[in-house]
$ cat structure.txt   # compact mmCIF, C-alpha atoms
# COMPACT_ATOMS: atom_id res chain seq x y z
CA MET A 1 9.68 25.73 121.56
CA ARG A 2 8.12 29.11 120.87
CA ASN A 3 6.80 29.32 124.45
CA GLU A 4 10.15 28.45 125.90
CA PHE A 5 11.69 31.21 123.80
CA HIS A 6 9.21 33.77 125.10
CA ASP A 7 9.71 32.62 128.68
CA THR A 8 13.43 33.16 128.28
CA LEU A 9 12.78 36.57 126.75
CA ASP A 10 10.50 37.53 129.65
CA ILE A 11 13.20 36.64 132.18
CA LEU A 12 15.72 38.65 130.15
CA VAL A 13 13.47 41.72 130.20
CA ALA A 14 12.80 41.27 133.94
CA ASP A 15 16.56 41.19 134.53
CA LEU A 16 17.01 44.41 132.53
CA ALA A 17 14.35 46.08 134.67
CA LYS A 18 16.20 44.79 137.74
CA MET A 19 19.41 46.37 136.40
CA CYS A 20 17.65 49.76 136.03
CA ASP A 21 16.26 49.36 139.53
CA ARG A 22 19.72 48.70 140.97
CA ALA A 23 21.20 51.67 139.09
CA SER A 24 18.40 53.79 140.57
CA ALA A 25 19.14 52.55 144.10
CA MET A 26 22.87 53.20 143.58
CA MET A 27 22.14 56.75 142.41
CA HIS A 28 19.96 57.38 145.47
CA ALA A 29 22.65 56.06 147.82
CA ALA A 30 25.39 58.03 146.02
CA THR A 31 23.48 61.32 146.34
CA VAL A 32 22.84 60.69 150.05
CA ALA A 33 26.54 59.89 150.50
CA LEU A 34 27.49 63.09 148.68
CA LEU A 35 25.25 65.33 150.75
CA GLU A 36 26.00 63.64 154.07
CA ALA A 37 29.76 63.21 153.55
CA ASP A 38 29.46 59.44 153.93
CA ALA A 39 32.89 57.94 153.23
CA GLU A 40 31.85 54.29 153.35
CA GLN A 41 29.16 54.30 150.69
CA ALA A 42 31.80 54.23 147.93
CA GLY A 43 33.15 50.95 149.31
CA ARG A 44 29.69 49.38 149.57
CA MET A 45 28.94 50.56 146.07
CA ARG A 46 31.91 48.67 144.64
CA GLY A 47 30.13 45.43 145.51
CA ASP A 48 26.86 46.70 144.03
CA LEU A 49 28.62 47.58 140.78
CA THR A 50 30.26 44.16 140.57
CA GLN A 51 26.82 42.54 140.95
CA LEU A 52 25.26 44.88 138.41
CA SER A 53 28.01 44.14 135.88
CA ALA A 54 27.68 40.40 136.48
CA LEU A 55 23.95 40.60 135.77
CA GLY A 56 24.76 42.65 132.65
CA ALA A 57 27.22 39.99 131.47
CA SER A 58 24.62 37.29 132.04
CA VAL A 59 21.97 39.26 130.09
CA ASN A 60 24.50 39.69 127.29
CA ASP A 61 25.30 35.96 127.13
CA ARG A 62 21.63 34.98 127.10
CA ALA A 63 20.77 37.56 124.41
CA TYR A 64 23.59 36.15 122.27
CA ARG A 65 22.34 32.62 122.74
CA LEU A 66 18.82 33.64 121.78
CA LEU A 67 20.12 35.25 118.59
CA ALA A 68 22.24 32.22 117.72
CA LEU A 69 19.74 29.49 118.56
CA GLN A 70 16.33 31.04 117.91
CA ALA A 71 17.00 33.59 115.14
CA PRO A 72 14.17 35.86 116.29
CA VAL A 73 12.56 38.32 113.87
CA ALA A 74 10.45 41.50 114.00
CA ARG A 75 9.54 42.65 117.50
CA ASP A 76 11.32 39.72 119.18
CA LEU A 77 14.53 40.58 117.36
CA ARG A 78 14.17 44.22 118.43
CA THR A 79 13.71 43.08 122.04
CA VAL A 80 16.87 40.95 122.01
CA VAL A 81 19.00 43.65 120.35
CA ALA A 82 17.56 46.25 122.75
CA ALA A 83 18.58 43.97 125.63
CA LEU A 84 22.20 44.04 124.47
CA HIS A 85 22.21 47.84 124.55
CA ILE A 86 20.07 48.37 127.67
CA GLY A 87 22.29 46.08 129.72
CA ALA A 88 25.33 48.18 128.76
CA ASP A 89 23.53 51.45 129.55
CA ALA A 90 22.31 50.31 132.97
CA ASP A 91 25.79 49.04 133.83
CA ARG A 92 27.23 52.44 132.93
CA MET A 93 24.60 54.18 135.09
CA GLY A 94 25.83 52.16 138.06
CA ALA A 95 29.43 53.17 137.27
CA LEU A 96 28.45 56.85 137.16
CA ALA A 97 26.65 56.57 140.52
CA SER A 98 29.77 55.01 142.01
CA HIS A 99 31.88 57.91 140.62
CA ILE A 100 29.62 60.24 142.65
CA ALA A 101 30.09 58.17 145.81
CA ARG A 102 33.86 58.16 145.24
CA THR A 103 33.87 61.96 145.00
CA ALA A 104 32.11 62.04 148.38
CA ALA A 105 34.69 59.66 149.85
CA ARG A 106 37.66 61.67 148.57
CA SER A 107 36.54 64.81 150.44
CA HIS A 108 35.78 63.04 153.70
CA PRO A 109 35.53 64.22 156.48
CA LEU A 110 34.58 67.43 154.65
CA ARG A 111 31.53 67.50 152.40
CA ALA A 112 32.49 67.53 148.71
CA THR A 113 29.76 70.06 147.87
CA PRO A 114 29.36 73.61 149.28
CA PRO A 115 26.12 74.10 151.30
CA GLU A 116 24.61 76.53 148.79
CA LEU A 117 24.57 73.77 146.16
CA THR A 118 22.72 71.23 148.35
CA ASP A 119 19.34 72.12 146.83
CA LEU A 120 20.65 71.59 143.30
CA TYR A 121 22.31 68.23 144.01
CA THR A 122 19.21 67.08 145.88
CA GLU A 123 17.12 67.88 142.82
CA MET A 124 19.60 66.39 140.36
CA GLY A 125 19.70 63.21 142.43
CA ALA A 126 15.90 63.02 142.65
CA THR A 127 15.53 63.62 138.89
CA ALA A 128 18.14 60.98 138.10
CA VAL A 129 16.44 58.43 140.37
CA GLN A 130 13.05 59.22 138.86
CA MET A 131 14.38 58.81 135.31
CA ALA A 132 15.98 55.46 136.19
CA ASP A 133 12.70 54.32 137.80
CA GLU A 134 10.71 55.37 134.75
CA ALA A 135 13.24 53.65 132.48
CA ARG A 136 12.81 50.49 134.61
CA ASP A 137 9.00 50.67 134.28
CA ALA A 138 9.25 51.39 130.54
CA VAL A 139 11.51 48.34 130.12
CA SER A 140 9.25 45.97 132.04
CA SER A 141 6.05 47.17 130.37
CA SER A 142 7.45 47.97 126.87
CA ASP A 143 5.44 51.17 127.19
CA ALA A 144 6.30 53.79 124.56
CA ALA A 145 4.46 56.56 126.44
CA LEU A 146 6.51 55.90 129.57
CA ALA A 147 9.66 55.97 127.44
CA GLU A 148 8.69 59.42 126.19
CA ARG A 149 8.29 60.61 129.79
CA VAL A 150 11.94 59.74 130.52
CA CYS A 151 12.99 62.02 127.65
CA ALA A 152 10.76 64.83 128.91
CA ASP A 153 12.37 64.58 132.37
CA ASP A 154 15.79 64.92 130.78
CA GLU A 155 14.99 68.53 129.99
CA GLY A 156 14.68 69.13 133.73
CA MET A 157 18.10 67.57 134.26
CA ASP A 158 19.65 69.73 131.54
CA GLU A 159 18.21 72.82 133.21
CA LEU A 160 19.60 71.79 136.62
CA HIS A 161 22.99 71.16 134.99
CA ARG A 162 22.94 74.66 133.48
CA GLN A 163 22.08 76.18 136.87
CA LEU A 164 24.99 74.34 138.47
CA PHE A 165 27.42 75.80 135.93
CA THR A 166 26.00 79.28 136.35
CA ARG A 167 26.59 79.11 140.09
CA VAL A 168 30.10 77.66 139.85
CA MET A 169 31.12 80.20 137.22
CA ALA A 170 29.66 83.23 139.08
CA PRO A 171 32.23 85.84 140.19
CA ARG A 172 31.12 85.31 143.80
CA TRP A 173 32.28 81.67 143.76
CA MET A 174 34.56 81.38 146.80
CA HIS A 175 35.41 77.69 147.08
CA GLY A 176 38.49 77.71 144.89
CA PRO A 177 39.52 75.74 141.80
CA LEU A 178 39.60 72.27 143.39
CA VAL A 179 35.95 72.33 144.40
CA ALA A 180 35.00 73.95 141.07
CA ALA A 181 36.65 71.07 139.21
CA ASP A 182 34.79 68.53 141.35
CA MET A 183 31.46 70.32 140.77
CA ALA A 184 32.02 70.27 137.00
CA LEU A 185 32.66 66.52 137.09
CA LEU A 186 29.75 65.79 139.44
CA GLY A 187 27.43 67.74 137.15
CA ARG A 188 28.69 65.67 134.24
CA PHE A 189 28.11 62.39 136.12
CA TYR A 190 24.47 63.28 136.86
CA GLU A 191 23.88 64.47 133.31
CA ARG A 192 25.41 61.35 131.77
CA PHE A 193 23.41 59.09 134.11
CA ALA A 194 20.27 60.81 132.82
CA ASP A 195 21.48 60.48 129.21
CA HIS A 196 21.81 56.72 129.61
CA ALA A 197 18.27 56.55 131.03
CA VAL A 198 17.18 58.40 127.86
CA GLU A 199 19.10 55.91 125.71
CA ILE A 200 17.28 53.05 127.44
CA ALA A 201 13.95 54.82 126.87
CA ARG A 202 14.77 55.28 123.18
CA ARG A 203 15.53 51.56 122.88
CA VAL A 204 12.23 50.68 124.53
CA TYR A 205 10.39 53.06 122.22
CA PHE A 206 11.97 51.51 119.14
CA GLN A 207 11.43 48.00 120.44
CA ALA A 208 7.75 48.74 121.14
CA THR A 209 6.91 50.73 118.02
CA GLY A 210 9.53 49.81 115.41
CA ALA A 211 10.13 53.55 114.90
CA ALA A 212 12.81 55.88 116.28
CA MET A 213 11.86 58.46 118.89
CA ASP A 214 13.18 61.35 116.80
CA SER A 215 11.78 64.13 118.91
CA ALA A 216 13.87 63.19 121.92
CA PRO A 217 17.05 65.17 122.56
CA ARG A 218 20.28 63.42 121.62
CA PRO A 219 22.63 62.79 124.55
CA ALA A 220 25.30 65.52 124.57
CA MET B 1 23.51 33.68 99.03
CA ARG B 2 26.37 33.01 101.45
CA ASN B 3 28.76 35.14 99.37
CA GLU B 4 26.32 37.99 99.19
CA PHE B 5 26.00 37.86 102.98
CA HIS B 6 29.76 38.04 103.43
CA ASP B 7 30.08 40.88 100.94
CA THR B 8 27.50 42.83 102.93
CA LEU B 9 29.38 42.02 106.13
CA ASP B 10 32.67 43.19 104.61
CA ILE B 11 31.11 46.53 103.64
CA LEU B 12 29.68 46.85 107.16
CA VAL B 13 33.10 46.29 108.73
CA ALA B 14 34.72 48.74 106.28
CA ASP B 15 32.16 51.36 107.32
CA LEU B 16 32.93 50.76 110.99
CA ALA B 17 36.63 51.29 110.26
CA LYS B 18 35.67 54.48 108.41
CA MET B 19 33.75 55.64 111.50
CA CYS B 20 36.83 55.09 113.70
CA ASP B 21 38.92 56.94 111.13
CA ARG B 22 36.56 59.92 111.19
CA ALA B 23 36.49 59.97 115.00
CA SER B 24 40.29 60.00 114.91
CA ALA B 25 40.34 62.92 112.45
CA MET B 26 37.81 64.80 114.59
CA MET B 27 39.95 64.27 117.71
CA HIS B 28 43.03 65.55 115.87
CA ALA B 29 41.18 68.65 114.66
CA ALA B 30 39.66 69.26 118.12
CA THR B 31 43.04 69.15 119.83
CA VAL B 32 44.54 71.56 117.27
CA ALA B 33 41.52 73.86 117.78
CA LEU B 34 42.01 73.70 121.55
CA LEU B 35 45.70 74.54 121.46
CA GLU B 36 45.41 77.20 118.75
CA ALA B 37 42.22 78.86 120.07
CA ASP B 38 40.40 78.14 116.79
CA ALA B 39 36.77 79.22 117.23
CA GLU B 40 35.49 77.91 113.91
CA GLN B 41 36.47 74.27 114.25
CA ALA B 42 33.50 73.59 116.54
CA GLY B 43 31.12 74.72 113.77
CA ARG B 44 32.84 72.58 111.13
CA MET B 45 32.76 69.65 113.52
CA ARG B 46 28.99 69.80 113.85
CA GLY B 47 28.74 68.75 110.20
CA ASP B 48 31.32 65.99 110.72
CA LEU B 49 29.35 64.65 113.66
CA THR B 50 26.10 64.65 111.69
CA GLN B 51 27.83 62.62 108.96
CA LEU B 52 29.37 60.24 111.49
CA SER B 53 26.00 59.66 113.17
CA ALA B 54 24.31 59.10 109.81
CA LEU B 55 26.89 56.44 108.95
CA GLY B 56 26.31 54.93 112.40
CA ALA B 57 22.55 54.80 111.81
CA SER B 58 23.11 53.16 108.44
CA VAL B 59 25.45 50.55 109.98
CA ASN B 60 22.82 49.89 112.63
CA ASP B 61 20.04 49.38 110.07
CA ARG B 62 22.15 47.03 107.97
CA ALA B 63 23.25 45.00 111.01
CA TYR B 64 19.59 44.63 112.00
CA ARG B 65 18.64 43.48 108.53
CA LEU B 66 21.45 40.93 108.51
CA LEU B 67 20.24 39.52 111.85
CA ALA B 68 16.63 39.38 110.66
CA LEU B 69 17.20 37.99 107.18
CA GLN B 70 20.32 35.86 107.48
CA ALA B 71 20.27 34.63 111.09
CA PRO B 72 24.07 34.43 111.26
CA VAL B 73 25.78 32.14 113.80
CA ALA B 74 29.19 31.76 115.49
CA ARG B 75 31.81 34.25 114.31
CA ASP B 76 29.45 35.93 111.82
CA LEU B 77 26.93 36.55 114.60
CA ARG B 78 29.69 38.00 116.78
CA THR B 79 30.70 40.31 113.93
CA VAL B 80 27.16 41.63 113.43
CA VAL B 81 26.54 42.17 117.16
CA ALA B 82 29.97 43.81 117.49
CA ALA B 83 28.97 46.13 114.64
CA LEU B 84 25.94 47.33 116.61
CA HIS B 85 28.16 48.25 119.56
CA ILE B 86 31.18 49.59 117.65
CA GLY B 87 29.01 51.98 115.64
CA ALA B 88 27.63 53.45 118.89
CA ASP B 89 31.13 53.77 120.41
CA ALA B 90 32.63 55.49 117.36
CA ASP B 91 29.67 57.89 117.23
CA ARG B 92 30.25 58.76 120.88
CA MET B 93 33.97 59.34 120.20
CA GLY B 94 33.00 61.94 117.60
CA ALA B 95 30.66 63.62 120.11
CA LEU B 96 33.45 63.79 122.69
CA ALA B 97 35.86 65.33 120.15
CA SER B 98 33.23 67.94 119.33
CA HIS B 99 32.85 68.72 123.07
CA ILE B 100 36.58 69.54 123.08
CA ALA B 101 36.22 71.83 120.06
CA ARG B 102 33.25 73.54 121.72
CA THR B 103 35.34 74.22 124.84
CA ALA B 104 37.91 75.88 122.58
CA ALA B 105 35.20 77.99 120.91
CA ARG B 106 33.71 79.14 124.23
CA SER B 107 37.03 80.69 125.36
CA HIS B 108 37.77 82.40 122.06
CA PRO B 109 39.67 84.73 121.53
CA LEU B 110 41.53 83.44 124.61
CA ARG B 111 42.96 79.94 124.66
CA ALA B 112 40.91 77.59 126.85
CA THR B 113 44.05 75.93 128.25
CA PRO B 114 46.90 77.60 130.20
CA PRO B 115 50.29 77.45 128.41
CA GLU B 116 51.87 75.16 130.99
CA LEU B 117 49.35 72.43 130.11
CA THR B 118 50.05 72.53 126.36
CA ASP B 119 52.47 69.61 126.56
CA LEU B 120 49.89 67.44 128.37
CA TYR B 121 47.01 68.19 125.98
CA THR B 122 49.31 67.64 123.01
CA GLU B 123 50.17 64.21 124.38
CA MET B 124 46.59 63.36 125.35
CA GLY B 125 45.44 64.32 121.85
CA ALA B 126 48.20 62.27 120.21
CA THR B 127 47.44 59.24 122.40
CA ALA B 128 43.71 59.52 121.68
CA VAL B 129 44.33 59.76 117.91
CA GLN B 130 46.69 56.80 118.04
CA MET B 131 44.18 54.69 119.96
CA ALA B 132 41.40 55.53 117.49
CA ASP B 133 43.73 54.66 114.59
CA GLU B 134 44.66 51.35 116.18
CA ALA B 135 40.99 50.63 116.89
CA ARG B 136 40.28 51.34 113.20
CA ASP B 137 43.03 48.94 112.10
CA ALA B 138 41.88 46.31 114.60
CA VAL B 139 38.32 46.58 113.25
CA SER B 140 39.30 46.27 109.62
CA SER B 141 41.72 43.38 110.20
CA SER B 142 39.87 41.62 113.08
CA ASP B 143 43.30 41.44 114.69
CA ALA B 144 43.19 40.44 118.38
CA ALA B 145 46.82 41.49 118.96
CA LEU B 146 46.10 44.98 117.62
CA ALA B 147 43.06 45.14 119.89
CA GLU B 148 45.29 44.37 122.88
CA ARG B 149 47.60 47.23 121.88
CA VAL B 150 44.71 49.72 122.18
CA CYS B 151 44.19 48.58 125.77
CA ALA B 152 47.90 48.91 126.55
CA ASP B 153 47.87 52.50 125.22
CA ASP B 154 44.98 53.30 127.53
CA GLU B 155 47.36 53.03 130.48
CA GLY B 156 49.30 55.93 128.99
CA MET B 157 46.10 57.96 128.74
CA ASP B 158 45.22 57.20 132.37
CA GLU B 159 48.67 58.38 133.44
CA LEU B 160 48.31 61.64 131.45
CA HIS B 161 44.89 62.15 133.00
CA ARG B 162 46.36 61.73 136.50
CA GLN B 163 49.12 64.23 135.69
CA LEU B 164 46.53 66.76 134.52
CA PHE B 165 44.64 66.48 137.81
CA THR B 166 47.83 66.79 139.84
CA ARG B 167 48.69 70.02 138.06
CA VAL B 168 45.22 71.54 138.32
CA MET B 169 44.95 70.62 141.99
CA ALA B 170 48.43 71.93 142.92
CA PRO B 171 48.47 74.87 145.36
CA ARG B 172 50.32 76.96 142.78
CA TRP B 173 47.36 76.79 140.35
CA MET B 174 46.66 80.41 139.43
CA HIS B 175 44.03 80.28 136.72
CA GLY B 176 40.97 80.34 138.96
CA PRO B 177 37.94 78.06 139.32
CA LEU B 178 36.48 78.56 135.81
CA VAL B 179 39.57 77.27 134.04
CA ALA B 180 39.96 74.48 136.61
CA ALA B 181 36.40 73.31 135.88
CA ASP B 182 37.11 73.35 132.13
CA MET B 183 40.34 71.38 132.59
CA ALA B 184 38.50 68.73 134.64
CA LEU B 185 35.91 68.33 131.88
CA LEU B 186 38.49 68.35 129.08
CA GLY B 187 40.45 65.64 130.90
CA ARG B 188 37.29 63.60 131.17
CA PHE B 189 36.50 64.02 127.43
CA TYR B 190 39.96 62.71 126.44
CA GLU B 191 39.75 59.86 128.92
CA ARG B 192 36.27 58.82 127.79
CA PHE B 193 37.30 59.00 124.10
CA ALA B 194 40.10 56.56 124.94
CA ASP B 195 37.69 54.33 126.92
CA HIS B 196 35.43 54.00 123.88
CA ALA B 197 38.45 53.04 121.74
CA VAL B 198 39.14 50.35 124.37
CA GLU B 199 35.51 49.20 124.19
CA ILE B 200 35.84 48.86 120.40
CA ALA B 201 39.06 46.90 120.85
CA ARG B 202 37.36 44.56 123.35
CA ARG B 203 34.55 43.93 120.85
CA VAL B 204 37.07 43.12 118.12
CA TYR B 205 38.92 40.80 120.47
CA PHE B 206 35.73 38.93 121.35
CA GLN B 207 34.60 38.85 117.74
CA ALA B 208 37.97 37.47 116.63
CA THR B 209 38.56 34.97 119.42
CA GLY B 210 35.15 34.21 120.95
CA ALA B 211 36.68 34.99 124.37
CA ALA B 212 36.58 38.16 126.49
CA MET B 213 39.73 40.24 126.90
CA ASP B 214 39.64 40.00 130.68
CA SER B 215 43.04 41.48 131.32
CA ALA B 216 42.09 44.85 129.86
CA PRO B 217 41.12 47.60 132.28
CA ARG B 218 37.41 48.32 132.56
CA PRO B 219 36.42 51.83 131.47
CA ALA B 220 36.07 54.01 134.58

$ encode --input "structure.txt" --output "structure tokens"
Amino acid sequence: MRNEFHDTLDILVADLAKMCDRASAMMHAATVALLEADAEQAGRMRGDLTQLSALGASVNDRAYRLLALQAPVARDLRTVVAALHIGADADRMGALASHIARTAARSHPLRATPPELTDLYTEMGATAVQMADEARDAVSSSDAALAERVCADDEGMDELHRQLFTRVMAPRWMHGPLVAADMALLGRFYERFADHAVEIARRVYFQATGAAMDSAPRPA
Amino acid sequence: MRNEFHDTLDILVADLAKMCDRASAMMHAATVALLEADAEQAGRMRGDLTQLSALGASVNDRAYRLLALQAPVARDLRTVVAALHIGADADRMGALASHIARTAARSHPLRATPPELTDLYTEMGATAVQMADEARDAVSSSDAALAERVCADDEGMDELHRQLFTRVMAPRWMHGPLVAADMALLGRFYERFADHAVEIARRVYFQATGAAMDSAPRPA
């Protein structure tokens, strides 16, 4: 019985890592769509999000059943409760990536972002993908050190987010209020995606160590 | 033993309702600060948010202990798991309210919002407060019908959010890109606050009925 429980738990954790991986792939595709004015990515991403949410719902159901039928304690309990939260965070990351792709689609055939911001969005996209990948690896290995790395990377994202605002708010901004509003929202989507990766990392840290990762910045 | 467990559960649920109530009060204060260009509310709200988060952490610890020591099943298990999620949602609602107050503080001594949007922000604030109040009442009464009302109100918030975007994106917009960016973010903060109230309502619905509230709109 105990082995069967741990097998089920292993599959649950593997599915959570898969969710992080899919959120990462969605973020990569969304950033490409944004920078290449790809109108069709948003449509494709709707299917990806449906799949991601379905996997999240399945993780949720199985975590519930484990709580009800096996009454896990200590580290096993922390793993199951972490699964409930991580599934929700990864699902939300997919939703934020699809918001980015939708912004790209709305501006088609024009690019949503002015050319002088391409470097920033490229970096924000790469940082977001890296954080999701590290969160995935932290989840599958229960590695507290990896979890801390996700939080360290979030400082890079915060800095990129600040730079974006500085550029949009500069007196030489010449793309009008509509584009400024879109840039503010895009910046927020990237930042929140990263925040959810941090939340996942914090859950892994707690699950692995039994202690909170207090030093990490709290999502804004 | 069973009675002691249910007493602990009752206190937990009362604390979750208190968290919703505080998030509601914070949203009310933030909207007043926004419309009256009150620079000091953001500072006061930092203390409120610290208190709200501390209550959330305490709810989380107690829910964990109940899972570990009592191994609840059926409706009791749903209540404890819902508590883990509802605490996180209410905490986030407080953070979003404090983002609104910070936007007000940044523009001081000017008002962050143009006068012709006062009616919209007044209504968005009132809707958000009402949804948080209904979520609070749904939590404390475990009332599925009340939970459904929160979701119905969210349609009103979505409509207000659309109106805000229409006005900011109109060709006659004359407040420049900076204010447009702030309005986009403010709109998002109100909308997300409402989405978390909906999430709480969905948890209550599931906790009360054992079934998902499928008809409700998914947070965007």

$ interface_residues --input "structure.txt" --of "chain A" --to "chain B" --cutoff "7 Å" --atoms "all atoms listed in the file" --output "number ranges by chain"
A: 68, 71, 73, 169, 176-178, 180-181, 184-185

$ closest_residue --input "structure.txt" --among "B:His108, B:Arg149, B:Arg167, B:Arg22" --to "Gly47 of chain B" --atoms "only C-alpha atoms"
B:Arg22

$ residues_around --input "structure.txt" --residues "Ala138 of chain B" --least-positions-apart "2" --cutoff "9 Å" --atoms "only C-alpha atoms" --output "list in words"
Ala17, Asp133, Glu134, Ala135, Arg136, Ser140, Ser141, Ser142, Asp143, Ala144, Ala145, Leu146, Ala147, Val150, Ile200, Ala201, Val204 and Tyr205 of chain B

$ write_last_selection --input "structure.txt" --atoms "C-alpha atoms" --output "PDB file, keeping the file's coordinate frame"
ATOM      1  CA  ALA B  17      36.630  51.290 110.260  1.00  0.00           C
ATOM      2  CA  ASP B 133      43.730  54.660 114.590  1.00  0.00           C
ATOM      3  CA  GLU B 134      44.660  51.350 116.180  1.00  0.00           C
ATOM      4  CA  ALA B 135      40.990  50.630 116.890  1.00  0.00           C
ATOM      5  CA  ARG B 136      40.280  51.340 113.200  1.00  0.00           C
ATOM      6  CA  SER B 140      39.300  46.270 109.620  1.00  0.00           C
ATOM      7  CA  SER B 141      41.720  43.380 110.200  1.00  0.00           C
ATOM      8  CA  SER B 142      39.870  41.620 113.080  1.00  0.00           C
ATOM      9  CA  ASP B 143      43.300  41.440 114.690  1.00  0.00           C
ATOM     10  CA  ALA B 144      43.190  40.440 118.380  1.00  0.00           C
ATOM     11  CA  ALA B 145      46.820  41.490 118.960  1.00  0.00           C
ATOM     12  CA  LEU B 146      46.100  44.980 117.620  1.00  0.00           C
ATOM     13  CA  ALA B 147      43.060  45.140 119.890  1.00  0.00           C
ATOM     14  CA  VAL B 150      44.710  49.720 122.180  1.00  0.00           C
ATOM     15  CA  ILE B 200      35.840  48.860 120.400  1.00  0.00           C
ATOM     16  CA  ALA B 201      39.060  46.900 120.850  1.00  0.00           C
ATOM     17  CA  VAL B 204      37.070  43.120 118.120  1.00  0.00           C
ATOM     18  CA  TYR B 205      38.920  40.800 120.470  1.00  0.00           C
TER      19      TYR B 205
END

$ closest_residue --input "structure.txt" --among "A:Thr209, A:Asn60, A:Thr31, A:Thr127" --to "Ala152 of chain A" --atoms "only C-alpha atoms"
A:Thr127

$ closest_residue --input "structure.txt" --among "A:Ser24, A:Thr8, A:Gln130, A:Thr103" --to "Cys151 of chain A" --atoms "only C-alpha atoms"
A:Gln130

$ closest_residue --input "structure.txt" --among "B:Ala126, B:Ser107, B:Gln51, B:Leu164" --to "Ala29 of chain B" --atoms "only C-alpha atoms"
B:Ala126

$ residues_around --input "structure.txt" --residues "segment 54-58 of chain B" --least-positions-apart "5" --cutoff "10 Å" --atoms "only C-alpha atoms" --output "ChimeraX atom specification"
/B:12,15-16,18-19,48-49,63-64,83-91

$ closest_residue --input "structure.txt" --among "A:Leu34, A:Gln207, A:Ala82, A:Ala105" --to "Gly125 of chain A" --atoms "only C-alpha atoms"
A:Leu34

$ atom_distance --input "structure.txt" --atom1 "atom CA of Ala37 of chain B" --atom2 "atom CA of Pro114 of chain B"
11.2 Å

$ atom_distance --input "structure.txt" --atom1 "atom CA of Val13 of chain A" --atom2 "atom CA of Asp137 of chain A"
10.8 Å

$ closest_residue --input "structure.txt" --among "B:Glu199, B:Asp214, B:Glu123, B:Asp38" --to "Ala101 of chain B" --atoms "all atoms listed in the file"
B:Asp38

$ atom_distance --input "structure.txt" --atom1 "atom CA of Ala128 of chain A" --atom2 "atom CA of Pro109 of chain A"
25.5 Å

$ axis_aligned_box --input "structure.txt" --around "segment 134-140 of chain A" --padding-each-side "6 Å" --output "lines of an AutoDock Vina configuration file"
center_x = 11.1
center_y = 50.7
center_z = 132.4
size_x = 16.2
size_y = 21.4
size_z = 16.6

$ build_atoms --input "structure.txt" --residues "segment 46-57 of chain B" --atoms "N, CA and C atoms" --output "compact mmCIF listing (two decimals), in the coordinates of the input"
# COMPACT_ATOMS: atom_id res chain seq x y z
N ARG B 46 30.39 70.17 113.75
CA ARG B 46 28.99 69.80 113.85
C ARG B 46 28.57 69.01 112.60
N GLY B 47 29.04 69.47 111.43
CA GLY B 47 28.74 68.75 110.20
C GLY B 47 29.38 67.37 110.18
N ASP B 48 30.63 67.29 110.67
CA ASP B 48 31.32 65.99 110.72
C ASP B 48 30.55 65.01 111.60
N LEU B 49 30.05 65.52 112.73
CA LEU B 49 29.35 64.65 113.66
C LEU B 49 28.04 64.16 113.07
N THR B 50 27.35 65.05 112.35
CA THR B 50 26.10 64.65 111.69
C THR B 50 26.37 63.52 110.70
N GLN B 51 27.45 63.67 109.93
CA GLN B 51 27.83 62.62 108.96
C GLN B 51 28.17 61.31 109.65
N LEU B 52 28.95 61.43 110.74
CA LEU B 52 29.37 60.24 111.49
C LEU B 52 28.14 59.51 112.04
N SER B 53 27.21 60.27 112.59
CA SER B 53 26.00 59.66 113.17
C SER B 53 25.14 59.03 112.09
N ALA B 54 25.09 59.66 110.91
CA ALA B 54 24.31 59.10 109.81
C ALA B 54 24.91 57.77 109.37
N LEU B 55 26.24 57.70 109.31
CA LEU B 55 26.89 56.44 108.95
C LEU B 55 26.60 55.39 110.03
N GLY B 56 26.63 55.83 111.30
CA GLY B 56 26.31 54.93 112.40
C GLY B 56 24.90 54.38 112.29
N ALA B 57 23.95 55.24 111.94
CA ALA B 57 22.55 54.80 111.81
C ALA B 57 22.42 53.80 110.66
